[in-house]
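Okay, run.txt now, which holds compact mmCIF, C-alpha atoms:
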```txt
# COMPACT_ATOMS: atom_id res chain seq x y z
CA MET A 1 0.00 0.00 0.00
CA THR A 2 1.21 3.52 -0.61
CA ASP A 3 2.30 5.59 2.33
CA ALA A 4 -0.22 8.21 3.42
CA LYS A 5 2.40 10.73 4.40
CA ARG A 6 1.21 14.26 4.79
CA PRO A 7 4.04 16.66 5.50
CA GLN A 8 3.10 19.53 7.67
CA GLY A 9 1.55 22.41 5.77
CA ASP A 10 0.90 20.41 2.57
CA LYS A 11 -2.56 19.65 1.32
CA LEU A 12 -1.65 16.52 -0.60
CA THR A 13 -1.11 13.03 0.69
CA GLU A 14 1.51 10.90 -0.96
CA ALA A 15 -1.18 8.72 -2.55
CA GLU A 16 -2.89 11.77 -4.03
CA ALA A 17 0.39 13.11 -5.32
CA ILE A 18 1.16 9.82 -7.03
CA GLU A 19 -2.17 9.85 -8.85
CA ARG A 20 -1.71 13.46 -9.92
CA ALA A 21 1.85 12.78 -11.03
CA LYS A 22 0.50 10.06 -13.30
CA GLN A 23 -1.54 12.82 -14.95
CA GLY A 24 1.55 14.97 -15.44
CA ASP A 25 0.97 17.40 -12.58
CA ALA A 26 4.18 19.35 -11.95
CA GLU A 27 3.33 20.18 -8.36
CA ALA A 28 2.71 16.53 -7.60
CA PHE A 29 6.12 15.58 -8.92
CA GLN A 30 7.74 18.25 -6.79
CA PHE A 31 5.80 17.13 -3.73
CA LEU A 32 7.07 13.56 -4.14
CA TYR A 33 10.58 14.79 -4.73
CA ASN A 34 10.60 16.96 -1.61
CA LEU A 35 9.17 14.11 0.42
CA HIS A 36 11.95 11.68 -0.43
CA LYS A 37 14.92 13.76 -1.56
CA ARG A 38 16.87 13.64 1.71
CA ARG A 39 16.71 9.88 2.02
CA VAL A 40 17.71 9.29 -1.59
CA TYR A 41 20.46 11.90 -1.59
CA SER A 42 21.91 10.70 1.71
CA LEU A 43 21.99 7.15 0.39
CA CYS A 44 23.79 8.26 -2.76
CA LEU A 45 26.19 10.40 -0.76
CA ARG A 46 27.01 7.66 1.74
CA MET A 47 27.68 5.17 -1.04
CA THR A 48 29.73 7.43 -3.30
CA GLY A 49 31.36 9.79 -0.80
CA ASN A 50 31.07 12.56 -3.36
CA THR A 51 28.48 15.38 -3.35
CA ALA A 52 28.53 16.04 -7.10
CA ALA A 53 28.13 12.36 -7.93
CA ALA A 54 25.44 12.02 -5.27
CA GLU A 55 23.43 14.88 -6.79
CA ASP A 56 23.69 13.41 -10.29
CA LEU A 57 22.60 10.02 -9.02
CA THR A 58 19.74 11.54 -7.04
CA GLN A 59 18.46 13.23 -10.16
CA GLU A 60 18.82 10.01 -12.16
CA ALA A 61 17.02 7.93 -9.54
CA PHE A 62 14.03 10.28 -9.43
CA LEU A 63 13.95 10.56 -13.22
CA GLN A 64 13.84 6.78 -13.61
CA LEU A 65 11.16 6.57 -10.96
CA PHE A 66 8.99 9.27 -12.51
CA ARG A 67 9.30 7.66 -15.93
CA LYS A 68 7.75 4.55 -14.50
CA ILE A 69 5.26 6.11 -12.15
CA ALA A 70 2.36 5.27 -14.43
CA THR A 71 3.03 1.60 -13.71
CA PHE A 72 3.01 1.98 -9.92
CA ARG A 73 0.08 0.03 -8.56
CA GLY A 74 0.58 0.44 -4.84
CA GLU A 75 1.40 -3.18 -4.08
CA SER A 76 4.35 -2.02 -2.00
CA ALA A 77 5.24 1.23 -0.29
CA PHE A 78 6.22 3.96 -2.71
CA SER A 79 9.27 4.73 -0.59
CA THR A 80 10.43 1.12 -0.84
CA TRP A 81 10.12 1.25 -4.61
CA LEU A 82 12.02 4.52 -4.81
CA HIS A 83 14.69 3.32 -2.43
CA ARG A 84 15.34 0.13 -4.32
CA MET A 85 15.59 2.09 -7.55
CA SER A 86 18.06 4.52 -5.94
CA VAL A 87 20.27 1.67 -4.76
CA ASN A 88 20.26 0.14 -8.24
CA VAL A 89 21.16 3.45 -9.83
CA VAL A 90 24.09 3.93 -7.46
CA LEU A 91 25.38 0.39 -7.85
CA MET A 92 25.16 0.62 -11.62
CA GLN A 93 27.15 3.82 -11.54
CA LEU A 94 29.80 2.33 -9.26
CA ARG A 95 30.15 -0.65 -11.60
CA LYS A 96 30.40 1.63 -14.62
CA LYS A 97 33.28 3.43 -13.00
CA GLY A 98 35.01 0.12 -12.34
CA LEU A 99 34.78 0.60 -8.61
CA GLN A 100 34.66 -2.57 -6.58
CA VAL A 101 31.16 -2.84 -5.27
CA VAL A 102 31.93 -5.77 -3.01
CA PRO A 103 35.21 -7.72 -2.74
CA ILE A 104 34.59 -11.25 -3.98
CA ASP A 105 34.71 -14.32 -1.76
CA GLU A 106 36.51 -12.71 1.09
CA THR A 107 35.61 -14.23 4.41
CA MET A 108 37.05 -14.31 7.87
CA GLU A 109 38.49 -17.78 7.24
CA GLY A 110 42.24 -18.11 7.22
CA GLU A 111 43.07 -14.75 8.62
CA GLY A 112 46.19 -14.87 10.78
CA GLU A 113 45.97 -12.20 13.39
CA GLY A 114 42.82 -11.06 14.98
CA THR A 115 41.70 -7.54 15.56
CA VAL A 116 41.76 -7.83 19.28
CA ARG A 117 45.24 -7.23 20.60
CA LYS A 118 46.13 -5.70 23.86
CA GLU A 119 48.32 -2.67 23.86
CA PRO A 120 50.36 -2.69 27.03
CA GLY A 121 49.36 0.18 29.20
CA ALA A 122 46.77 1.46 26.72
CA PRO A 123 43.58 2.57 28.42
CA ASP A 124 40.46 0.94 27.13
CA GLU A 125 37.74 3.42 26.25
CA ARG A 126 34.61 2.42 24.50
CA LEU A 127 33.30 4.50 21.62
CA ALA A 128 29.87 5.09 23.12
CA GLY A 129 29.69 8.58 24.55
CA SER A 130 32.78 9.86 22.78
CA ILE A 131 31.72 9.71 19.13
CA ASP A 132 29.08 11.88 17.52
CA ARG A 133 27.11 11.44 14.31
CA LEU A 134 29.36 13.73 12.32
CA GLN A 135 32.45 11.74 13.25
CA LEU A 136 30.70 8.53 12.28
CA GLN A 137 29.68 10.09 8.96
CA ARG A 138 33.25 11.09 8.22
CA ALA A 139 34.53 7.64 9.11
CA VAL A 140 32.00 6.03 6.77
CA ASP A 141 33.19 8.33 3.99
CA GLU A 142 36.73 7.04 4.57
CA LEU A 143 35.78 3.38 4.17
CA PRO A 144 36.89 1.55 1.03
CA PRO A 145 34.01 1.44 -1.52
CA GLY A 146 33.22 -2.25 -1.07
CA TYR A 147 32.99 -2.02 2.72
CA ARG A 148 31.08 1.22 2.48
CA THR A 149 28.44 -0.26 0.17
CA ILE A 150 27.64 -3.15 2.48
CA PHE A 151 27.70 -1.04 5.63
CA VAL A 152 25.43 1.62 4.15
CA LEU A 153 22.97 -0.92 2.77
CA HIS A 154 22.80 -2.99 5.96
CA ASP A 155 23.38 -0.76 8.96
CA VAL A 156 22.29 2.62 7.57
CA GLU A 157 19.49 1.67 5.21
CA GLY A 158 18.32 -1.53 6.88
CA TYR A 159 18.57 -4.09 4.07
CA GLU A 160 18.90 -7.74 5.07
CA HIS A 161 21.85 -9.81 3.88
CA ASN A 162 19.75 -11.80 1.42
CA GLU A 163 18.53 -8.53 -0.14
CA ILE A 164 22.06 -7.16 -0.27
CA ALA A 165 23.25 -10.36 -1.91
CA ASP A 166 20.61 -9.90 -4.63
CA LEU A 167 21.39 -6.23 -5.11
CA VAL A 168 25.17 -6.43 -5.35
CA GLY A 169 25.54 -9.93 -6.71
CA CYS A 170 27.40 -11.63 -3.89
CA SER A 171 26.71 -14.48 -1.49
CA ILE A 172 24.99 -13.98 1.85
CA GLY A 173 28.15 -15.18 3.59
CA ASN A 174 30.19 -12.60 1.71
CA SER A 175 27.76 -9.89 2.67
CA LYS A 176 28.03 -10.84 6.35
CA SER A 177 31.81 -10.99 6.35
CA GLN A 178 32.16 -7.69 4.50
CA LEU A 179 29.80 -6.03 6.96
CA HIS A 180 31.86 -7.28 9.86
CA LYS A 181 35.06 -6.02 8.28
CA ALA A 182 33.44 -2.66 7.59
CA ARG A 183 32.47 -2.30 11.23
CA ILE A 184 35.96 -3.33 12.37
CA LYS A 185 37.47 -0.80 10.01
CA LEU A 186 35.11 1.91 11.21
CA ARG A 187 36.11 1.17 14.77
CA GLU A 188 39.75 1.61 13.85
CA LEU A 189 39.06 4.87 12.06
CA LEU A 190 36.99 6.25 14.90
CA ARG A 191 39.54 5.33 17.54
CA THR A 192 42.37 6.77 15.45
CA ASN A 193 40.50 10.00 14.87
CA ARG A 194 39.62 10.24 18.52
CA ALA A 195 43.23 9.68 19.56
CA GLU A 196 44.49 12.26 17.08
CA LYS A 197 41.96 14.71 18.36
CA ALA A 198 43.04 14.06 21.92
CA GLY A 199 46.64 14.52 20.83
CA THR A 200 47.81 11.27 22.32
CA GLY A 201 49.17 9.99 19.02
CA LYS A 202 48.09 6.49 19.85
CA THR A 203 46.47 4.60 16.96
CA GLY A 204 44.09 2.78 19.17
CA LYS A 205 44.32 -0.38 17.08
CA ARG A 206 43.74 -3.48 19.07
CA MET B 1 37.80 -20.07 23.46
CA ASN B 2 40.55 -17.51 22.86
CA CYS B 3 40.26 -13.99 21.46
CA LEU B 4 40.98 -15.03 17.88
CA GLN B 5 38.33 -17.72 17.97
CA PHE B 6 35.88 -15.27 19.50
CA GLU B 7 36.53 -12.68 16.82
CA ARG B 8 36.14 -15.19 14.01
CA GLY B 9 32.76 -16.10 15.42
CA LEU B 10 31.69 -12.48 15.84
CA PRO B 11 29.75 -12.11 12.56
CA ASP B 12 27.47 -14.97 13.55
CA TYR B 13 27.38 -13.79 17.15
CA LEU B 14 26.21 -10.35 16.02
CA GLU B 15 23.53 -12.01 13.90
CA GLY B 16 22.19 -13.68 17.03
CA SER B 17 24.09 -16.97 17.26
CA HIS B 18 25.10 -16.78 20.90
CA THR B 19 26.80 -19.73 22.59
CA SER B 20 27.86 -20.35 26.15
CA GLU B 21 31.51 -20.31 25.02
CA HIS B 22 31.09 -16.81 23.63
CA GLN B 23 29.45 -15.62 26.80
CA ALA B 24 32.11 -17.20 29.00
CA HIS B 25 34.86 -15.52 26.99
CA LEU B 26 33.12 -12.15 27.15
CA ASN B 27 32.83 -12.47 30.91
CA SER B 28 36.56 -13.01 31.20
CA CYS B 29 38.00 -10.77 28.47
CA SER B 30 37.60 -6.99 28.69
CA SER B 31 39.17 -6.40 25.26
CA CYS B 32 36.66 -8.61 23.47
CA SER B 33 33.91 -7.13 25.58
CA ASP B 34 34.98 -3.63 24.51
CA LEU B 35 35.20 -4.73 20.88
CA LEU B 36 31.69 -6.13 20.97
CA ALA B 37 30.34 -3.00 22.65
CA ASP B 38 31.97 -0.76 20.04
CA LEU B 39 30.64 -2.78 17.10
CA ASN B 40 27.14 -2.71 18.56
CA PHE B 41 27.44 1.03 19.10
CA ILE B 42 28.52 1.63 15.49
CA SER B 43 25.68 -0.49 14.19
CA SER B 44 23.10 1.22 16.38
CA GLN B 45 24.23 4.71 15.43
CA ALA B 46 24.35 4.01 11.69
CA SER B 47 20.65 4.59 11.08
CA SER B 48 21.10 8.18 12.26
CA LEU B 49 22.94 8.79 8.99
CA GLN B 50 19.73 8.23 7.03
CA ALA B 51 18.25 11.32 5.41
CA LEU B 52 20.98 13.44 6.92
CA ASP B 53 21.77 15.59 3.94
CA GLU B 54 19.86 17.66 1.43
CA PRO B 55 20.69 18.12 -2.26
CA SER B 56 21.10 21.59 -3.70
CA PRO B 57 18.10 23.23 -5.44
CA LYS B 58 19.68 22.67 -8.84
CA VAL B 59 18.86 18.96 -8.59
CA TRP B 60 15.14 19.69 -8.70
CA ASN B 61 15.60 22.38 -11.36
CA GLN B 62 17.41 19.96 -13.66
CA LEU B 63 15.00 17.15 -12.86
CA GLU B 64 12.01 19.33 -13.65
CA ALA B 65 13.58 20.39 -16.94
CA SER B 66 14.11 16.72 -17.86
CA LEU B 67 10.53 15.84 -16.93
CA ARG B 68 9.20 18.64 -19.14
CA ARG B 69 11.47 17.67 -22.03
CA GLU B 70 10.22 14.10 -21.86
CA GLY B 71 6.61 15.21 -21.66
CA LEU B 72 6.12 13.68 -18.21
CA ILE B 73 5.04 17.07 -16.91
CA ARG B 74 2.11 18.15 -19.01
CA GLN B 75 1.20 21.84 -19.21
CA PRO B 76 -2.37 22.79 -18.21
CA LEU B 77 -4.83 23.30 -21.12
CA VAL B 78 -4.91 27.06 -20.65
CA SER B 79 -2.30 29.27 -19.14
CA ARG B 80 -3.55 31.41 -16.36
CA PRO B 81 -2.82 35.13 -16.51
CA SER B 82 -2.34 36.97 -13.25
CA LEU B 83 -5.74 38.68 -13.55
CA VAL B 84 -7.44 35.28 -13.53
CA ASP B 85 -5.34 34.22 -10.52
CA PHE B 86 -6.80 37.19 -8.67
CA PHE B 87 -10.38 36.31 -9.54
CA PHE B 88 -9.81 32.60 -9.02
CA ARG B 89 -9.45 33.13 -5.31
CA TRP B 90 -12.97 34.54 -5.10
CA ARG B 91 -14.40 31.12 -6.05
CA SER B 92 -18.14 31.19 -6.34
CA ALA B 93 -18.42 34.52 -4.58
CA TRP B 94 -17.47 36.40 -7.73
CA LEU B 95 -19.76 34.59 -10.14
CA VAL B 96 -22.61 37.00 -9.51
CA PRO B 97 -20.62 40.21 -9.88
CA VAL B 98 -18.90 38.82 -12.98
CA ALA B 99 -22.23 38.02 -14.53
CA ALA B 100 -23.35 41.54 -13.71
CA ALA B 101 -20.16 42.93 -15.20
CA LEU B 102 -20.83 41.02 -18.40
CA ILE B 103 -24.23 42.62 -18.67
CA VAL B 104 -22.78 46.08 -17.97
CA VAL B 105 -20.05 45.65 -20.58
CA VAL B 106 -22.50 44.47 -23.17
CA GLY B 107 -24.66 47.49 -22.30
CA ILE B 108 -21.68 49.78 -22.72
CA LYS B 109 -21.03 48.22 -26.09
CA LEU B 110 -24.57 48.92 -27.16
CA TYR B 111 -24.12 52.59 -26.24
CA HIS B 112 -20.66 52.85 -27.71
CA PRO B 113 -19.97 56.56 -28.64
CA PRO B 114 -19.12 57.44 -32.21
CA LYS B 115 -15.49 57.93 -33.17
CA ALA B 116 -14.06 61.46 -33.51
CA GLY B 117 -14.72 62.90 -36.96
CA ASP B 118 -17.32 60.40 -37.77
CA ASN B 119 -20.66 62.14 -38.43
CA ALA B 120 -22.59 58.98 -39.19
CA PRO B 121 -25.63 58.47 -37.07
CA ILE B 122 -25.08 56.41 -33.97
CA ALA B 123 -27.31 53.74 -35.37
CA LYS B 124 -24.70 52.96 -38.03
CA GLN B 125 -21.95 52.55 -35.44
CA THR B 126 -23.66 49.99 -33.37
CA ALA B 127 -25.19 46.70 -34.20
CA PRO B 128 -28.90 46.36 -33.99
CA SER B 129 -30.11 46.29 -30.44
CA LYS B 130 -29.78 42.83 -29.03
CA PRO B 131 -30.65 41.45 -25.65
CA ALA B 132 -27.69 41.20 -23.24
CA VAL B 133 -28.34 37.52 -22.65
CA ARG B 134 -29.97 35.42 -25.35
CA THR B 135 -31.54 32.04 -25.24
CA PRO B 136 -29.00 29.24 -24.63
CA LEU B 137 -26.54 28.86 -27.49
CA PRO B 138 -25.39 25.55 -29.04
CA VAL B 139 -22.93 23.85 -26.66
CA SER B 140 -19.36 23.65 -27.95
CA ASP B 141 -16.85 20.98 -26.87
CA GLU B 142 -15.20 23.52 -24.60
CA ASP B 143 -18.51 24.37 -23.01
CA ARG B 144 -19.27 20.67 -22.53
CA ASP B 145 -15.96 20.34 -20.74
CA ILE B 146 -16.82 23.19 -18.39
CA LEU B 147 -20.27 21.79 -17.66
CA SER B 148 -18.96 18.28 -17.13
CA ARG B 149 -16.50 19.53 -14.55
CA VAL B 150 -19.29 21.07 -12.48
CA ALA B 151 -21.71 18.20 -13.04
CA SER B 152 -21.26 17.02 -9.46
CA ARG B 153 -22.18 20.40 -8.02
CA PRO B 154 -25.69 21.17 -6.71
CA PRO B 155 -28.24 21.88 -9.48
CA ALA B 156 -28.46 25.54 -8.57
CA GLN B 157 -24.71 25.98 -9.07
CA GLN B 158 -24.81 24.06 -12.33
CA ALA B 159 -27.55 26.38 -13.55
CA SER B 160 -25.48 29.36 -12.47
CA TYR B 161 -22.50 28.07 -14.46
CA ARG B 162 -24.71 27.51 -17.47
CA ALA B 163 -26.14 31.03 -17.25
CA ASP B 164 -22.66 32.55 -16.90
CA LEU B 165 -21.47 30.44 -19.80
CA ASP B 166 -24.34 31.66 -21.97
CA ALA B 167 -23.62 35.24 -20.99
CA ALA B 168 -19.94 34.83 -21.79
CA ASN B 169 -20.70 33.21 -25.16
CA SER B 170 -23.15 35.98 -26.01
CA PHE B 171 -20.57 38.55 -25.06
CA ILE B 172 -17.99 36.86 -27.27
CA ARG B 173 -20.39 36.57 -30.17
CA ASP B 174 -21.41 40.21 -29.96
CA ALA B 175 -17.83 41.37 -29.67
CA GLU B 176 -16.78 39.17 -32.60
CA GLU B 177 -19.53 40.58 -34.77
CA SER B 178 -18.54 44.11 -33.85
CA VAL B 179 -14.90 43.51 -34.63
CA LYS B 180 -15.87 41.84 -37.90
CA SER B 181 -17.95 44.84 -38.91
CA ASP B 182 -15.14 47.22 -38.06
CA PRO B 183 -11.73 45.51 -37.78
CA ASN B 184 -10.08 48.84 -36.97
CA ASP B 185 -12.17 49.40 -33.89
CA VAL B 186 -9.53 49.07 -31.19
CA TYR B 187 -12.10 49.50 -28.46
CA MET B 188 -14.13 46.51 -29.65
CA GLN B 189 -10.98 44.49 -30.15
CA GLN B 190 -10.24 45.02 -26.46
CA MET B 191 -13.81 44.10 -25.62
CA LEU B 192 -13.35 40.85 -27.52
CA VAL B 193 -10.17 40.10 -25.58
CA ASP B 194 -12.03 40.82 -22.34
CA ALA B 195 -14.81 38.49 -23.45
CA TYR B 196 -12.39 35.61 -24.03
CA GLN B 197 -10.77 36.26 -20.68
CA GLN B 198 -14.13 36.17 -18.95
CA LYS B 199 -14.83 32.75 -20.43
CA GLN B 200 -11.35 31.61 -19.49
CA MET B 201 -12.06 32.61 -15.90
CA LEU B 202 -15.14 30.44 -15.92
CA TYR B 203 -13.16 27.51 -17.29
CA ASP B 204 -10.36 27.94 -14.76
CA LEU B 205 -12.85 28.15 -11.93
CA ALA B 206 -14.56 24.97 -13.08
CA VAL B 207 -11.23 23.16 -13.46
CA ASP B 208 -9.88 24.22 -10.09
CA ARG B 209 -13.07 23.38 -8.27
CA SER B 210 -13.22 19.95 -9.90
CA LEU B 211 -9.59 19.30 -8.87
CA GLY B 212 -10.43 20.37 -5.35
CA GLU B 213 -13.12 17.74 -5.21
CA GLN B 214 -10.72 14.90 -6.10
```
Would you write the structure of this file as structure tokens?
Amino acid sequence: MTDAKRPQGDKLTEAEAIERAKQGDAEAFQFLYNLHKRRVYSLCLRMTGNTAAAEDLTQEAFLQLFRKIATFRGESAFSTWLHRMSVNVVLMQLRKKGLQVVPIDETMEGEGEGTVRKEPGAPDERLAGSIDRLQLQRAVDELPPGYRTIFVLHDVEGYEHNEIADLVGCSIGNSKSQLHKARIKLRELLRTNRAEKAGTGKTGKR
Amino acid sequence: MNCLQFERGLPDYLEGSHTSEHQAHLNSCSSCSDLLADLNFISSQASSLQALDEPSPKVWNQLEASLRREGLIRQPLVSRPSLVDFFFRWRSAWLVPVAAALIVVVGIKLYHPPKAGDNAPIAKQTAPSKPAVRTPLPVSDEDRDILSRVASRPPAQQASYRADLDAANSFIRDAEESVKSDPNDVYMQQMLVDAYQQKQMLYDLAVDRSLGEQ
């Protein structure tokens, strides 16, 4: 079913806007765009790490959606439909550029050293309470593209591993292992950034 | 279970596959406990990055241009001049004064003064006296469209639309005949333009009210 979202101050509901957009109503198109632009743009920005590319992909995602709006029947939420289209647009673009969407067949098996190592004398300080959203955003932007894709799709956007496997063309096991590595990498980045900020010079890698 | 074994089992652990060995190791190892806490924190905070940013206005501008180029945005049937926008807001309240204005304008036309230098009797300058509002005229496709858009309104309002439509059509017909008889009559040319605009106002009102009912 379509979402009956009614942003404050607007007369239209999302369902009404969809029907009017099918008739070519410019205001309806703009209403739908304003309703979903932040989510789509943020997704594109998180996955590309580039504002110009994110804006181009946002425009492309909405254009593809609006081209097909006449076929939308309301069997699923409009936002789900738009979101899936946005992810496909981004992934297609990443593949076109030759960027590695997801490293192939990398798992935790066979790795020599673990992440957890004790640094003698290093104080243990958990991230909770010392990291804000902006720092997390910056750390995500620093992730390698493959890790970033999986992390954004799973932890930020809420896709399940089986859905991610379909979207990016990998196995569920690969999706899980890449997610874990992405989180480990983020932890390293956040601890390093925190240490640099504190001026201790310690890397914080454990 | 040692730390390496614990870490290798973390992906499944985070997906919900908890074992007693994992729990025992967590109870005894602060490093692994901190690692687990940090990974859970990162995961829990990630959703706050949704819908965080906003694209620049040019994204919509370019998108709108593309939609128009591809014909996905379709222009309304008539463009609405600013004068009509002003009257549009009056909704049904202005129908009566507009109808009255039509009658007044037609009356002015009937008593149109002769041009300077023209000594011809007034009778030659004006068309034969005609009633301001005639019997209902044949319905054109445009008129049918207007009437169909107000078909769901109460009968009294439908009748009001029909009367205003007849008045507007009469006004247009009279103005057209006057312009035809004297194409150089700038005054009547303006009257004809006003007549078309009056009918356009009726159409726009009918369209907007029918959209409001959807």
With 6 Å as the limit and counting all atoms listed in the file, what residues in chain A lie close to chain B? Please list them as a PDB file with C-alpha atoms, keeping the file's coordinate frame.
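Wrote part.pdb, looks like this:
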```
ATOM      1  CA  GLY A  24       1.550  14.970 -15.440  1.00  0.00           C
ATOM      2  CA  ASP A  25       0.970  17.400 -12.580  1.00  0.00           C
ATOM      3  CA  ALA A  26       4.180  19.350 -11.950  1.00  0.00           C
ATOM      4  CA  ARG A  38      16.870  13.640   1.710  1.00  0.00           C
ATOM      5  CA  ARG A  39      16.710   9.880   2.020  1.00  0.00           C
ATOM      6  CA  SER A  42      21.910  10.700   1.710  1.00  0.00           C
ATOM      7  CA  GLN A  59      18.460  13.230 -10.160  1.00  0.00           C
ATOM      8  CA  GLY A 114      42.820 -11.060  14.980  1.00  0.00           C
ATOM      9  CA  LEU A 127      33.300   4.500  21.620  1.00  0.00           C
ATOM     10  CA  ASP A 155      23.380  -0.760   8.960  1.00  0.00           C
ATOM     11  CA  VAL A 156      22.290   2.620   7.570  1.00  0.00           C
ATOM     12  CA  HIS A 180      31.860  -7.280   9.860  1.00  0.00           C
TER      13      HIS A 180
END
```
Separation of CA of Ala70 in chain A from CA of Val87 in chain A, in Å and rounded to one decimal: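 Going from CA of Ala70 in chain A over to CA of Val87 in chain A, I get 20.7 Å.
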Using the file's own x, y and z axes, so that the box edges lie along x, y and z, what centre and edge lengths in Å (one decimal) does a box around every listed atom of range 17-36 of chain A get when 4 Å is added on each side? Give it as JSON.
```
{"center_x": 4.9, "center_y": 15.0, "center_z": -7.5, "size_x": 22.1, "size_y": 18.4, "size_z": 23.9}
```
For CA of Arg46 in chain A and CA of Ala139 in chain A, the interatomic separation in Å (one decimal):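 Going from CA of Arg46 in chain A over to CA of Ala139 in chain A covers 10.5 Å.
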